[in-house]
file structure34.csv (CSV, C-alpha atoms)
chain,number,residue,atom,x,y,z
B,12,MET,CA,99.6,35.9,141.0
B,13,ARG,CA,98.8,38.3,143.8
B,14,ASP,CA,95.7,39.1,145.9
B,15,ASP,CA,96.3,42.4,147.6
B,16,VAL,CA,93.7,44.7,149.0
B,17,CYS,CA,95.0,48.0,147.7
B,18,LEU,CA,92.4,50.6,148.6
B,19,ALA,CA,89.0,50.3,150.4
B,20,THR,CA,86.1,52.3,151.9
B,21,PRO,CA,83.5,50.9,154.3
B,22,HIS,CA,81.3,49.9,151.3
B,23,PHE,CA,83.8,49.5,148.4
B,24,GLN,CA,87.1,47.7,147.9
B,25,VAL,CA,89.5,47.0,145.0
B,26,ARG,CA,91.9,44.1,144.7
B,27,ARG,CA,94.6,43.4,142.2
B,28,VAL,CA,94.2,39.6,141.6
B,29,ASP,CA,96.6,39.2,138.7
B,30,SER,CA,99.6,41.1,137.4
B,31,ALA,CA,101.8,39.1,135.1
B,32,GLY,CA,104.4,41.8,134.6
B,33,ALA,CA,105.3,44.3,132.0
B,34,GLY,CA,103.7,43.9,128.6
B,35,ASP,CA,100.7,42.0,130.1
B,36,THR,CA,97.2,42.8,131.4
B,37,VAL,CA,96.5,43.8,135.0
B,38,VAL,CA,93.3,42.3,136.5
B,39,LEU,CA,91.4,44.1,139.2
B,40,THR,CA,88.3,43.0,141.0
B,41,ALA,CA,85.9,45.4,142.7
B,42,ALA,CA,83.2,44.8,145.3
B,43,GLY,CA,80.5,47.0,146.8
B,44,GLU,CA,79.0,50.2,145.6
B,45,LEU,CA,80.8,52.4,143.1
B,46,ASP,CA,79.5,56.0,143.8
B,47,ALA,CA,80.9,59.5,143.8
B,48,TYR,CA,82.9,58.8,147.0
B,49,SER,CA,84.3,55.4,146.1
B,50,SER,CA,85.0,56.4,142.5
B,51,THR,CA,88.1,58.3,143.8
B,52,THR,CA,89.3,55.0,145.4
B,53,LEU,CA,88.8,53.2,142.1
B,54,LEU,CA,90.5,55.9,140.1
B,55,THR,CA,93.6,55.9,142.3
B,56,HIS,CA,93.9,52.1,141.8
B,57,LEU,CA,93.2,52.3,138.1
B,58,LEU,CA,95.9,54.8,137.6
B,59,ASP,CA,98.3,52.6,139.5
B,60,ALA,CA,97.3,49.7,137.2
B,61,ILE,CA,97.9,51.8,134.1
B,62,ASN,CA,101.5,52.3,135.1
B,63,VAL,CA,102.0,48.5,135.2
B,64,ALA,CA,100.0,47.3,132.2
B,65,ASN,CA,101.3,47.8,128.7
B,66,VAL,CA,98.4,46.0,127.1
B,67,GLY,CA,95.4,46.9,129.2
B,68,VAL,CA,93.4,46.5,132.4
B,69,VAL,CA,90.6,44.1,133.1
B,70,LEU,CA,88.1,45.2,135.8
B,71,ASP,CA,86.0,42.4,137.3
B,72,LEU,CA,82.7,44.0,138.4
B,73,GLY,CA,80.9,40.8,139.3
B,74,ARG,CA,80.6,41.8,142.9
B,75,VAL,CA,79.7,45.5,142.3
B,76,THR,CA,76.0,46.0,143.1
B,77,LEU,CA,75.7,49.7,142.2
B,78,VAL,CA,77.4,52.1,139.8
B,79,SER,CA,76.5,55.8,139.9
B,80,ALA,CA,77.0,58.3,137.2
B,81,ALA,CA,80.3,59.4,138.8
B,82,GLY,CA,81.5,55.9,138.9
B,83,ALA,CA,80.6,55.3,135.3
B,84,ARG,CA,82.4,58.5,134.2
B,85,THR,CA,85.5,57.4,136.1
B,86,LEU,CA,85.5,54.2,134.0
B,87,SER,CA,84.8,56.1,130.8
B,88,GLU,CA,87.6,58.7,131.4
B,89,THR,CA,90.1,55.9,132.3
B,90,ALA,CA,89.2,54.0,129.1
B,91,ALA,CA,89.8,57.2,127.1
B,92,THR,CA,93.2,57.7,128.9
B,93,LEU,CA,94.2,54.1,128.0
B,94,ALA,CA,93.0,54.4,124.4
B,95,GLU,CA,95.2,57.4,123.8
B,96,SER,CA,98.2,55.1,124.3
B,97,GLY,CA,96.7,52.1,122.4
B,98,ARG,CA,95.6,50.2,125.5
B,99,ARG,CA,92.2,49.1,126.6
B,100,LEU,CA,90.1,49.0,129.8
B,101,LEU,CA,87.8,45.9,129.6
B,102,LEU,CA,85.0,45.1,132.0
B,103,ALA,CA,84.0,41.6,133.1
B,104,ARG,CA,80.9,40.2,134.7
B,105,CYS,CA,78.9,43.4,134.6
B,106,HIS,CA,75.3,43.2,136.0
B,107,ALA,CA,72.6,44.4,133.6
B,108,THR,CA,72.0,47.5,135.8
B,109,VAL,CA,75.7,48.4,135.6
B,110,ARG,CA,75.6,48.1,131.8
B,111,ASP,CA,72.5,50.3,131.7
B,112,VAL,CA,74.3,53.1,133.6
B,113,ILE,CA,77.3,52.9,131.3
B,114,ARG,CA,75.0,53.1,128.3
B,115,TYR,CA,73.3,56.2,129.7
B,116,VAL,CA,76.6,57.8,130.3
B,117,GLY,CA,77.3,57.2,126.6
B,118,ALA,CA,80.3,54.9,126.8
B,119,PRO,CA,79.2,51.4,125.8
B,120,HIS,CA,81.7,51.3,122.9
B,121,THR,CA,84.7,52.5,124.8
B,122,LEU,CA,83.9,50.2,127.7
B,123,PRO,CA,83.4,46.7,126.3
B,124,SER,CA,82.0,44.1,128.7
B,125,HIS,CA,82.7,40.4,128.7
B,126,PRO,CA,80.9,37.6,130.5
B,127,SER,CA,84.0,36.4,132.3
B,128,VAL,CA,87.5,37.5,133.3
B,129,ALA,CA,88.9,34.8,131.0
B,130,ALA,CA,87.0,36.2,128.0
B,131,ALA,CA,88.2,39.7,128.8
B,132,LEU,CA,91.8,38.5,129.0
B,133,ALA,CA,91.4,36.6,125.7
B,134,ALA,CA,90.0,39.8,124.0
B,135,SER,CA,92.9,41.8,125.5
B,136,ARG,CA,95.5,39.4,124.2
B,137,ALA,CA,93.8,39.3,120.7
B,138,GLU,CA,93.8,43.1,120.5
B,139,SER,CA,97.4,43.3,121.6
B,140,ARG,CA,98.4,41.2,118.5
B,141,GLN,CA,96.6,43.5,116.1
B,142,PRO,CA,98.2,46.6,114.7
B,143,VAL,CA,96.8,49.8,116.0
B,144,GLU,CA,94.7,51.5,113.3
B,145,THR,CA,94.5,55.3,113.6
B,146,GLU,CA,90.9,56.5,113.7
B,147,GLN,CA,89.3,53.1,113.1
B,148,ALA,CA,90.8,51.4,116.1
B,149,ASN,CA,90.2,54.0,118.8
B,150,GLY,CA,87.1,55.6,117.2
B,151,LEU,CA,85.6,58.3,119.4
B,152,ALA,CA,88.6,58.2,121.8
B,153,LEU,CA,90.9,59.6,119.2
B,154,LEU,CA,88.4,62.2,118.1
B,155,ARG,CA,88.0,63.3,121.8
B,156,GLN,CA,91.8,63.5,122.1
B,157,ARG,CA,92.0,65.8,119.1
B,158,ALA,CA,89.1,67.9,120.3
B,159,ARG,CA,90.6,68.5,123.8
B,160,ASN,CA,93.5,70.3,122.2
B,161,LEU,CA,91.2,72.8,120.5
B,162,PRO,CA,89.4,76.0,121.8
B,163,VAL,CA,85.9,75.3,123.0
B,164,THR,CA,84.3,76.9,119.9
B,165,LEU,CA,86.2,74.4,117.6
B,166,ARG,CA,85.9,71.2,119.7
B,167,THR,CA,83.0,69.7,117.7
B,168,ARG,CA,84.8,69.9,114.4
B,169,PRO,CA,86.8,66.6,114.8
B,170,LEU,CA,83.5,64.9,115.7
B,171,ILE,CA,81.7,66.1,112.6
B,172,ALA,CA,84.7,65.4,110.4
B,173,GLY,CA,85.0,61.8,111.8
B,174,THR,CA,81.3,61.3,111.2
B,175,ILE,CA,81.6,62.4,107.5
B,176,ASP,CA,84.5,60.0,107.0
B,177,GLU,CA,82.6,57.2,108.6
B,178,LEU,CA,79.4,58.0,106.6
B,179,ARG,CA,81.3,57.9,103.4
B,180,GLU,CA,83.0,54.6,104.2
B,181,ARG,CA,79.8,52.8,105.4
B,182,TYR,CA,77.7,53.8,102.5
B,183,GLU,CA,80.4,54.0,99.8
B,184,LEU,CA,79.8,57.6,99.0
B,185,SER,CA,82.2,59.2,96.6
B,186,GLU,CA,82.6,62.7,98.1
B,187,SER,CA,82.8,64.2,101.6
B,188,ASP,CA,80.5,67.1,100.4
B,189,ALA,CA,77.7,64.5,99.7
B,190,ALA,CA,78.1,63.0,103.1
B,191,PHE,CA,78.0,66.4,104.8
B,192,THR,CA,74.9,67.4,102.9
B,193,LEU,CA,73.1,64.2,104.1
B,194,LEU,CA,74.2,64.9,107.7
B,195,ARG,CA,73.1,68.5,107.5
B,196,ARG,CA,69.7,67.7,105.9
B,197,SER,CA,68.8,65.1,108.6
B,198,SER,CA,69.9,67.5,111.4
B,199,GLN,CA,67.8,70.3,109.9
B,200,ARG,CA,64.7,68.1,109.4
B,201,TYR,CA,64.7,67.0,113.1
B,202,ASN,CA,66.1,70.3,114.4
B,203,LEU,CA,69.2,68.7,115.9
B,204,LYS,CA,72.5,70.3,116.3
B,205,LEU,CA,75.1,68.8,113.9
B,206,HIS,CA,77.3,67.5,116.6
B,207,THR,CA,74.4,65.9,118.5
B,208,LEU,CA,73.5,63.9,115.4
B,209,ALA,CA,77.1,63.2,114.6
B,210,LEU,CA,77.7,61.7,118.1
B,211,ALA,CA,74.6,59.6,117.9
B,212,PHE,CA,75.7,58.3,114.5
B,213,LEU,CA,79.1,57.2,115.8
B,214,SER,CA,77.8,55.9,119.2
B,215,ALA,CA,75.0,53.7,117.8
B,216,PRO,CA,75.8,50.1,116.6
B,217,PRO,CA,76.4,50.4,112.8
B,218,ALA,CA,73.5,49.7,110.5
B,219,ARG,CA,74.0,47.5,107.5
B,220,PRO,CA,73.6,49.6,104.4
B,221,GLY,CA,71.5,46.9,102.8
B,222,GLN,CA,68.8,46.8,105.5
B,223,PRO,CA,65.9,49.2,105.1
B,224,LEU,CA,65.6,50.1,108.9
B,225,TRP,CA,68.5,50.9,111.2
B,226,PHE,CA,66.5,50.1,114.4
B,227,GLY,CA,64.1,47.4,113.3
B,228,GLY,CA,61.2,46.6,115.7
B,229,ARG,CA,61.7,49.8,117.6
B,230,HIS,CA,58.6,50.8,119.6
B,231,ARG,CA,58.0,54.6,119.6
B,232,GLU,CA,56.8,55.7,123.0
B,233,ALA,CA,54.6,58.8,123.6
B,234,ALA,CA,56.4,61.8,125.2
B,235,PRO,CA,56.3,61.6,129.1
B,236,SER,CA,53.8,63.8,130.9
B,237,ILE,CA,55.0,67.2,132.1
B,238,THR,CA,53.3,68.9,135.0
B,239,PHE,CA,55.7,71.6,136.1
B,240,THR,CA,54.7,73.9,133.3
B,241,THR,CA,52.2,74.1,130.4
B,242,PRO,CA,53.3,71.6,127.7
B,243,SER,CA,54.0,73.0,124.2
B,244,ARG,CA,53.5,71.3,120.9
B,245,GLU,CA,56.8,72.8,119.8
B,246,TRP,CA,58.9,70.7,122.2
B,247,PRO,CA,59.2,67.5,120.2
B,248,HIS,CA,60.6,69.6,117.3
B,249,SER,CA,62.8,71.8,119.5
B,250,ARG,CA,64.8,70.5,122.4
B,251,GLY,CA,66.0,74.1,123.0
B,252,SER,CA,62.4,75.2,123.6
B,253,PHE,CA,61.9,72.5,126.2
B,254,LEU,CA,65.1,73.3,128.0
B,255,GLY,CA,64.1,77.0,128.1
B,256,ALA,CA,60.9,76.0,129.8
B,257,VAL,CA,62.9,73.9,132.3
B,258,LEU,CA,65.2,76.8,133.1
B,259,ARG,CA,62.3,79.3,133.5
B,260,SER,CA,60.4,77.0,135.8
B,261,THR,CA,63.5,76.4,138.0
B,262,MET,CA,64.3,80.2,138.2
B,263,SER,CA,60.6,80.8,139.2
B,264,ILE,CA,60.7,78.2,141.9
B,265,MET,CA,64.0,79.6,143.3
B,266,ASP,CA,63.0,83.3,142.8
B,267,SER,CA,66.1,83.9,140.8
B,268,GLU,CA,66.8,86.3,137.9
B,269,VAL,CA,69.9,84.5,136.6
B,270,GLY,CA,70.2,80.9,135.7
B,271,TYR,CA,71.7,78.4,133.3
B,272,LEU,CA,71.1,74.8,132.1
B,273,GLN,CA,73.8,72.4,131.1
B,274,LEU,CA,73.5,68.9,129.6
B,275,ALA,CA,75.9,66.0,129.8
B,276,ASP,CA,78.6,66.2,127.1
B,277,HIS,CA,78.9,62.6,125.9
B,278,PHE,CA,81.7,63.5,123.5
B,279,LEU,CA,84.2,65.3,125.8
B,280,GLY,CA,82.7,64.4,129.2
B,281,GLY,CA,81.5,67.0,131.7
B,282,LEU,CA,78.8,69.5,131.0
B,283,GLN,CA,77.9,71.7,128.0
B,284,LEU,CA,75.9,74.9,128.3
B,285,GLU,CA,72.6,74.6,126.5
B,286,SER,CA,70.4,77.4,127.9
B,287,GLN,CA,70.9,80.5,130.0
B,288,HIS,CA,69.2,83.7,131.2
B,289,GLY,CA,70.8,86.8,132.6
B,290,LEU,CA,74.4,85.6,132.3
B,291,PRO,CA,77.0,88.1,131.0
B,292,ASP,CA,78.8,87.1,127.8
B,293,GLU,CA,82.1,86.4,129.6
B,294,LEU,CA,80.4,84.1,132.1
B,295,SER,CA,78.5,82.2,129.3
B,296,GLN,CA,81.9,81.5,127.7
B,297,SER,CA,83.3,80.4,131.0
B,298,LEU,CA,80.4,78.0,131.5
B,299,SER,CA,80.3,76.7,127.9
B,300,HIS,CA,82.0,73.5,129.0
B,301,VAL,CA,82.6,72.5,132.6
B,302,GLY,CA,84.4,69.3,133.8
B,303,GLY,CA,85.3,68.0,137.2
B,304,THR,CA,83.7,68.9,140.6
B,305,ASP,CA,85.3,72.3,141.2
B,306,SER,CA,82.1,74.1,140.4
B,307,ALA,CA,78.7,73.6,142.0
B,308,CYS,CA,77.2,72.4,138.7
B,309,GLY,CA,80.0,69.8,138.3
B,310,ALA,CA,79.6,68.6,141.9
B,311,ALA,CA,75.8,68.2,141.5
B,312,PHE,CA,76.3,66.4,138.2
B,313,TYR,CA,78.8,63.9,139.4
B,314,SER,CA,77.3,63.3,142.8
B,315,GLY,CA,73.7,63.2,141.7
B,316,TYR,CA,72.7,65.5,144.6
B,317,PRO,CA,71.6,69.2,144.7
B,318,THR,CA,74.5,71.4,145.6
B,319,THR,CA,74.6,74.9,147.1
B,320,ARG,CA,77.8,76.9,147.3
B,321,SER,CA,78.8,80.4,148.3
B,322,LEU,CA,80.8,81.8,145.3
B,323,ASP,CA,83.7,82.3,147.8
B,324,HIS,CA,84.0,78.5,147.7
B,325,GLU,CA,83.9,78.2,143.9
B,326,LEU,CA,87.4,77.1,142.9
B,327,ASP,CA,87.5,78.9,139.5
B,328,PRO,CA,88.8,82.4,140.4
B,329,SER,CA,87.8,83.9,137.0
B,330,THR,CA,84.2,82.6,137.3
B,331,ARG,CA,83.9,83.7,140.9
B,332,ASN,CA,85.1,87.2,140.1
B,333,LEU,CA,82.7,87.5,137.2
B,334,LEU,CA,79.8,86.5,139.4
B,335,HIS,CA,80.8,88.9,142.2
B,336,ARG,CA,81.0,91.7,139.7
B,337,GLU,CA,77.3,91.1,138.9
B,338,GLY,CA,76.5,91.2,142.6
B,339,LEU,CA,75.8,87.4,142.9
B,340,ASP,CA,76.9,85.6,146.0
B,341,SER,CA,75.7,82.0,145.7
B,342,VAL,CA,74.7,79.2,143.3
B,343,HIS,CA,72.3,76.4,143.6
B,344,SER,CA,72.6,73.5,141.2
B,345,VAL,CA,70.1,70.6,140.7
B,346,PRO,CA,70.9,67.5,138.7
B,347,LEU,CA,68.4,66.4,136.1
B,348,LEU,CA,68.0,62.7,136.8
B,349,THR,CA,65.5,59.9,137.5
B,350,GLU,CA,66.0,57.1,140.0
B,351,GLY,CA,68.5,54.5,138.9
B,352,HIS,CA,69.9,56.6,136.0
B,353,PRO,CA,72.9,59.0,135.8
B,354,ALA,CA,72.2,62.7,135.5
B,355,ALA,CA,71.2,64.0,132.1
B,356,GLY,CA,72.4,67.5,133.0
B,357,VAL,CA,72.2,70.2,135.6
B,358,VAL,CA,70.1,73.4,136.1
B,359,SER,CA,71.5,76.1,138.2
B,360,THR,CA,70.3,79.4,139.7
B,361,LEU,CA,72.4,82.3,140.9
B,362,HIS,CA,71.4,84.4,143.9
B,363,ARG,CA,72.4,87.7,145.6
B,364,GLN,CA,72.2,86.2,149.1
B,365,PRO,CA,75.0,83.9,150.4
B,366,ALA,CA,74.4,80.2,150.3
B,367,THR,CA,70.8,80.3,149.2
B,368,ARG,CA,69.5,76.8,149.8
B,369,ALA,CA,66.1,75.5,148.6
B,370,THR,CA,63.4,75.3,151.2
B,371,PRO,CA,61.6,71.9,151.6
B,372,VAL,CA,58.7,73.2,149.4
B,373,GLN,CA,61.2,74.5,146.8
B,374,ALA,CA,63.1,71.2,146.9
B,375,ASP,CA,60.0,69.2,146.3
B,376,ALA,CA,59.1,71.4,143.3
B,377,LEU,CA,62.6,71.2,141.9
B,378,ASN,CA,62.6,67.4,142.2
B,379,VAL,CA,59.5,67.3,140.0
B,380,VAL,CA,61.2,69.5,137.4
B,381,ALA,CA,64.4,67.4,137.6
B,382,THR,CA,62.8,64.0,137.3
B,383,GLN,CA,60.3,64.9,134.6
B,384,SER,CA,63.0,66.7,132.6
B,385,ALA,CA,65.3,63.8,132.7
B,386,ALA,CA,62.5,61.4,131.6
B,387,TRP,CA,61.7,63.8,128.7
B,388,LEU,CA,65.3,64.1,127.6
B,389,ASP,CA,65.7,60.3,127.6
B,390,TRP,CA,62.5,60.0,125.5
B,391,TYR,CA,63.9,62.6,123.1
B,392,GLN,CA,67.1,60.7,122.7
B,393,GLN,CA,65.3,57.4,122.2
B,394,THR,CA,62.7,58.8,119.8
B,395,VAL,CA,63.6,62.0,118.0
B,396,VAL,CA,67.3,61.3,117.7
B,397,LEU,CA,66.8,57.8,116.5
B,398,ASP,CA,64.2,59.1,114.0
B,399,ALA,CA,66.9,61.4,112.7
B,400,LEU,CA,69.4,58.5,112.4
B,401,GLU,CA,66.8,56.4,110.5
B,402,HIS,CA,66.3,59.4,108.1
B,403,LEU,CA,70.1,59.7,107.6
B,404,HIS,CA,70.4,55.9,107.0
B,405,ASN,CA,67.7,55.9,104.3
B,406,ALA,CA,69.0,59.0,102.6
B,407,ALA,CA,72.5,57.5,102.6
B,408,ARG,CA,71.2,54.2,101.2
B,409,GLN,CA,69.4,56.1,98.4
B,410,ALA,CA,72.6,58.2,97.6
B,411,ARG,CA,74.6,55.0,97.5
B,412,ALA,CA,72.1,53.4,95.1
B,413,HIS,CA,72.1,56.5,92.9
B,414,CYS,CA,75.9,56.4,92.7
B,415,GLY,CA,75.9,52.8,91.7
B,416,SER,CA,73.3,53.2,89.0
call {"tool": "encode", "arguments": {"input": "structure34.csv", "output": "C-alpha cells"}}
result
Amino acid sequence: MRDDVCLATPHFQVRRVDSAGAGDTVVLTAAGELDAYSSTTLLTHLLDAINVANVGVVLDLGRVTLVSAAGARTLSETAATLAESGRRLLLARCHATVRDVIRYVGAPHTLPSHPSVAAALAASRAESRQPVETEQANGLALLRQRARNLPVTLRTRPLIAGTIDELRERYELSESDAAFTLLRRSSQRYNLKLHTLALAFLSAPPARPGQPLWFGGRHREAAPSITFTTPSREWPHSRGSFLGAVLRSTMSIMDSEVGYLQLADHFLGGLQLESQHGLPDELSQSLSHVGGTDSACGAAFYSGYPTTRSLDHELDPSTRNLLHREGLDSVHSVPLLTEGHPAAGVVSTLHRQPATRATPVQADALNVVATQSAAWLDWYQQTVVLDALEHLHNAARQARAHCGS
C-alpha cells in the first residue's frame, strides 16, 4: 500500500493509494475540480499508472466536485488507450453530476462507474479472468482504433460495419444486406447521417428484441425556443438546416464572411465539420476533423470558453498558410454549450483583422446563440435520434419475425 501525492494544482490533486505490483490494478483517488487545466495533471498521472498496471486502473472520484468537458474527454481517451491493450479504466464513487457529464461526452459504456472502490476492483479482477473477445469485448473502442488508421473520408466505415454486425446478431437477421437496408431506411426516414444513427445504436443500452418499445416511458419534449433567428418548420427534420442558421447568425453578429461549425465527434473524439461558408476546399478538408487544443476551435471546445487567436499563433502550419492565402488573419471560436454541460460543438468566424475579439454586445449575442443551439441539439439527440432508434428497433423486430415464419 502507498499513499503518495503525485501531482497537484491549487484546486485539484491525485494520489496513488494502492499499487499491488505488476499484473494488478492501480488505484488512484482524485479530489477537487477536474477542468481543462487540471485535466493535464490527471492525464500525466493516468499515463504513469498505465505503465504500472497490467490489468487496469481504478479512479476514485468520490471527492471530485466538478468535471468539465475537457476532464471527461481525458477520462474517455485514457479508457480508449487502455482498451486497445485489453485493460480497463474503471471509475468509483462518481457523483450524479459527474456521470451526467460523462454521458453527454458520449462515453458511459467505455467508462463504467461503480459504487465503491472495492466493487470496481472486484469488477477489474473478474474481467482479467475472462478471455478478451475481439469486437464484442471492446466494442466501440476497437472500432475507433481501426478508424484512426484510415483516411478521414473512410473513418466512419468501421462504425457502420460494426453496427450492421451487431444489428444482425441482436435480431437474428440472416444477411448483412438486410441489416444495412434497415439501418439506411431509418436514417433516411429521420434524415440522419448513417454514422450518426450507427453511433447512437451502439452507444444506447441494448433493447430486448421481444419488447415493443426500446425506450419505454420516454416523455417527448417540445423543441426549445429559439430567439436568435426566425425558427423554421424544417429544423426538426433537418439538423443541417438548423446548423446552417446557427452559422449564419454567428457570422452576422461577428460581421464575418467566412465561418464554419463543428460538432463533437463522439466516435473518434474531437470535432467534426458540419457546416461552413466561404471556406476554400483545401481548408474544409483540413478542418473536417480536429482534435486537441492546437487550434482555436479545439481550445474553445475543450476549455468551454470563447477563444480568439491570431493565425500566426495557430500551430497547424498548413491551415495557417491556407488562411493567410485567403487574406484572413484571425479566428474567433465560440463553444456551443449550456451551463453544467460539456460543449456540443464550436462555431468559428474568420476575420481579416488581427485578433478580432467580440465586443461586449457581440459576446452577449453570441452567448444566446451558443446556449440555445446547445439546448436544441440536446433536444434533437433525445427526441429525433431516439425516434429513429425506435423505428429501427421495430423494423428489425418485424424482419426477425418474418424470417422466423
call {"tool": "atom_distance", "arguments": {"input": "structure34.csv", "atom1": "CA of Gly302 in chain B", "atom2": "CA of Ile264 in chain B"}}
result
26.6 Å
call {"tool": "residues_near_point", "arguments": {"input": "structure34.csv", "point": "(95.1, 45.9, 134.1)", "cutoff": "7 Å", "atoms": "all atoms listed in the file", "output": "list in words"}}
result
Thr36, Val37, Val38, Leu39, Ala60, Ile61, Ala64, Gly67, Val68 and Val69 of chain B
call {"tool": "atom_distance", "arguments": {"input": "structure34.csv", "atom1": "CA of Val342 in chain B", "atom2": "CA of Ala80 in chain B"}}
result
21.9 Å
call {"tool": "atom_distance", "arguments": {"input": "structure34.csv", "atom1": "CA of Arg74 in chain B", "atom2": "CA of Ala42 in chain B"}}
result
4.6 Å
call {"tool": "residues_around", "arguments": {"input": "structure34.csv", "residues": "Glu186 in chain B", "least_positions_apart": "5", "cutoff": "12 Å", "atoms": "all atoms listed in the file", "output": "list in words"}}
result
Ile175, Asp176, Glu177, Leu178, Arg179, Glu180, Phe191, Thr192, Leu193, Ala410, Arg411 and Cys414 of chain B
call {"tool": "write_last_selection", "arguments": {"input": "structure34.csv", "atoms": "C-alpha atoms", "output": "compact mmCIF listing (two decimals), in the frame of the given file"}}
result
# COMPACT_ATOMS: atom_id res chain seq x y z
CA ILE B 175 81.60 62.40 107.50
CA ASP B 176 84.50 60.00 107.00
CA GLU B 177 82.60 57.20 108.60
CA LEU B 178 79.40 58.00 106.60
CA ARG B 179 81.30 57.90 103.40
CA GLU B 180 83.00 54.60 104.20
CA PHE B 191 78.00 66.40 104.80
CA THR B 192 74.90 67.40 102.90
CA LEU B 193 73.10 64.20 104.10
CA ALA B 410 72.60 58.20 97.60
CA ARG B 411 74.60 55.00 97.50
CA CYS B 414 75.90 56.40 92.70
call {"tool": "closest_residue", "arguments": {"input": "structure34.csv", "among": "B:Pro220, B:Gly356, B:Pro247, B:Pro317", "to": "Arg368 in chain B", "atoms": "all atoms listed in the file"}}
result
B:Pro317
call {"tool": "closest_atom_pairs", "arguments": {"input": "structure34.csv", "of": "range 350-395 of chain B", "to": "range 268-291 of chain B", "cutoff": "12 Å", "atoms": "all atoms listed in the file", "output": "JSON lines"}}
result
{"residue": "B:Pro353", "atom": "CA", "partner": "B:Ala275", "partner_atom": "CA", "distance": 9.7}
{"residue": "B:Ala354", "atom": "CA", "partner": "B:Ala275", "partner_atom": "CA", "distance": 7.6}
{"residue": "B:Ala355", "atom": "CA", "partner": "B:Ala275", "partner_atom": "CA", "distance": 5.6}
{"residue": "B:Gly356", "atom": "CA", "partner": "B:Leu274", "partner_atom": "CA", "distance": 3.8}
{"residue": "B:Val357", "atom": "CA", "partner": "B:Gln273", "partner_atom": "CA", "distance": 5.3}
{"residue": "B:Val358", "atom": "CA", "partner": "B:Leu272", "partner_atom": "CA", "distance": 4.4}
{"residue": "B:Ser359", "atom": "CA", "partner": "B:Tyr271", "partner_atom": "CA", "distance": 5.4}
{"residue": "B:Thr360", "atom": "CA", "partner": "B:Gly270", "partner_atom": "CA", "distance": 4.3}
{"residue": "B:Leu361", "atom": "CA", "partner": "B:Val269", "partner_atom": "CA", "distance": 5.4}
{"residue": "B:His362", "atom": "CA", "partner": "B:Val269", "partner_atom": "CA", "distance": 7.5}
{"residue": "B:Arg363", "atom": "CA", "partner": "B:Glu268", "partner_atom": "CA", "distance": 9.6}
{"residue": "B:Ala381", "atom": "CA", "partner": "B:Leu272", "partner_atom": "CA", "distance": 11.4}
{"residue": "B:Ser384", "atom": "CA", "partner": "B:Leu274", "partner_atom": "CA", "distance": 11.1}
{"residue": "B:Ala385", "atom": "CA", "partner": "B:Leu274", "partner_atom": "CA", "distance": 10.1}
{"residue": "B:Leu388", "atom": "CA", "partner": "B:Leu274", "partner_atom": "CA", "distance": 9.7}
{"residue": "B:Asp389", "atom": "CA", "partner": "B:Leu274", "partner_atom": "CA", "distance": 11.8}
call {"tool": "closest_residue", "arguments": {"input": "structure34.csv", "among": "B:Ser295, B:Thr304, B:Ile113, B:Ser87", "to": "Leu334 in chain B", "atoms": "only C-alpha atoms"}}
result
B:Ser295
call {"tool": "residues_near_point", "arguments": {"input": "structure34.csv", "point": "(91.8, 57.1, 134.7)", "cutoff": "9 Å", "atoms": "only C-alpha atoms", "output": "list in words"}}
result
Leu53, Leu54, Thr55, His56, Leu57, Leu58, Ile61, Thr85, Leu86, Ser87, Glu88, Thr89, Ala90, Ala91, Thr92 and Leu93 of chain B
call {"tool": "closest_residue", "arguments": {"input": "structure34.csv", "among": "B:Gly338, B:Pro242, B:Gly303, B:Gly315", "to": "Trp387 in chain B", "atoms": "all atoms listed in the file"}}
result
B:Pro242
call {"tool": "residues_around", "arguments": {"input": "structure34.csv", "residues": "Ala107 in chain B", "least_positions_apart": "4", "cutoff": "12 Å", "atoms": "only C-alpha atoms", "output": "list in words"}}
result
Leu72, Gly73, Val75, Thr76, Leu77, Val78, Ala103, Asp111, Val112, Ile113, Arg114, Ser124, His125 and Pro126 of chain B
call {"tool": "residues_around", "arguments": {"input": "structure34.csv", "residues": "Arg320 in chain B", "least_positions_apart": "5", "cutoff": "10 Å", "atoms": "all atoms listed in the file", "output": "list in words"}}
result
Ser306, Ala307, Cys308, Glu325, Asp340, Ser341, Val342, His343, Ser344, Leu361, Pro365, Ala366, Thr367 and Arg368 of chain B
call {"tool": "build_atoms", "arguments": {"input": "structure34.csv", "residues": "range 231-237 of chain B", "atoms": "N, CA, C and O atoms", "output": "PDB file, in the frame of the given file"}}
result
ATOM      1  N   ARG B 231      57.957  53.165 119.337  1.00  0.00           N
ATOM      2  CA  ARG B 231      58.000  54.600 119.600  1.00  0.00           C
ATOM      3  C   ARG B 231      57.040  54.929 120.743  1.00  0.00           C
ATOM      4  O   ARG B 231      55.827  54.793 120.585  1.00  0.00           O
ATOM      5  N   GLU B 232      57.579  55.378 121.872  1.00  0.00           N
ATOM      6  CA  GLU B 232      56.800  55.700 123.000  1.00  0.00           C
ATOM      7  C   GLU B 232      56.258  57.179 122.879  1.00  0.00           C
ATOM      8  O   GLU B 232      56.877  58.016 122.209  1.00  0.00           O
ATOM      9  N   ALA B 233      55.133  57.467 123.540  1.00  0.00           N
ATOM     10  CA  ALA B 233      54.600  58.800 123.600  1.00  0.00           C
ATOM     11  C   ALA B 233      55.530  59.624 124.569  1.00  0.00           C
ATOM     12  O   ALA B 233      56.129  59.058 125.492  1.00  0.00           O
ATOM     13  N   ALA B 234      55.615  60.925 124.353  1.00  0.00           N
ATOM     14  CA  ALA B 234      56.400  61.800 125.200  1.00  0.00           C
ATOM     15  C   ALA B 234      55.861  61.694 126.666  1.00  0.00           C
ATOM     16  O   ALA B 234      54.641  61.655 126.864  1.00  0.00           O
ATOM     17  N   PRO B 235      56.736  61.648 127.674  1.00  0.00           N
ATOM     18  CA  PRO B 235      56.300  61.600 129.100  1.00  0.00           C
ATOM     19  C   PRO B 235      55.500  62.826 129.474  1.00  0.00           C
ATOM     20  O   PRO B 235      55.703  63.907 128.913  1.00  0.00           O
ATOM     21  N   SER B 236      54.660  62.670 130.462  1.00  0.00           N
ATOM     22  CA  SER B 236      53.800  63.800 130.900  1.00  0.00           C
ATOM     23  C   SER B 236      54.689  64.826 131.652  1.00  0.00           C
ATOM     24  O   SER B 236      55.595  64.494 132.417  1.00  0.00           O
ATOM     25  N   ILE B 237      54.374  66.097 131.401  1.00  0.00           N
ATOM     26  CA  ILE B 237      55.000  67.200 132.100  1.00  0.00           C
ATOM     27  C   ILE B 237      54.005  68.014 132.827  1.00  0.00           C
ATOM     28  O   ILE B 237      52.987  68.444 132.254  1.00  0.00           O
TER      29      ILE B 237
END
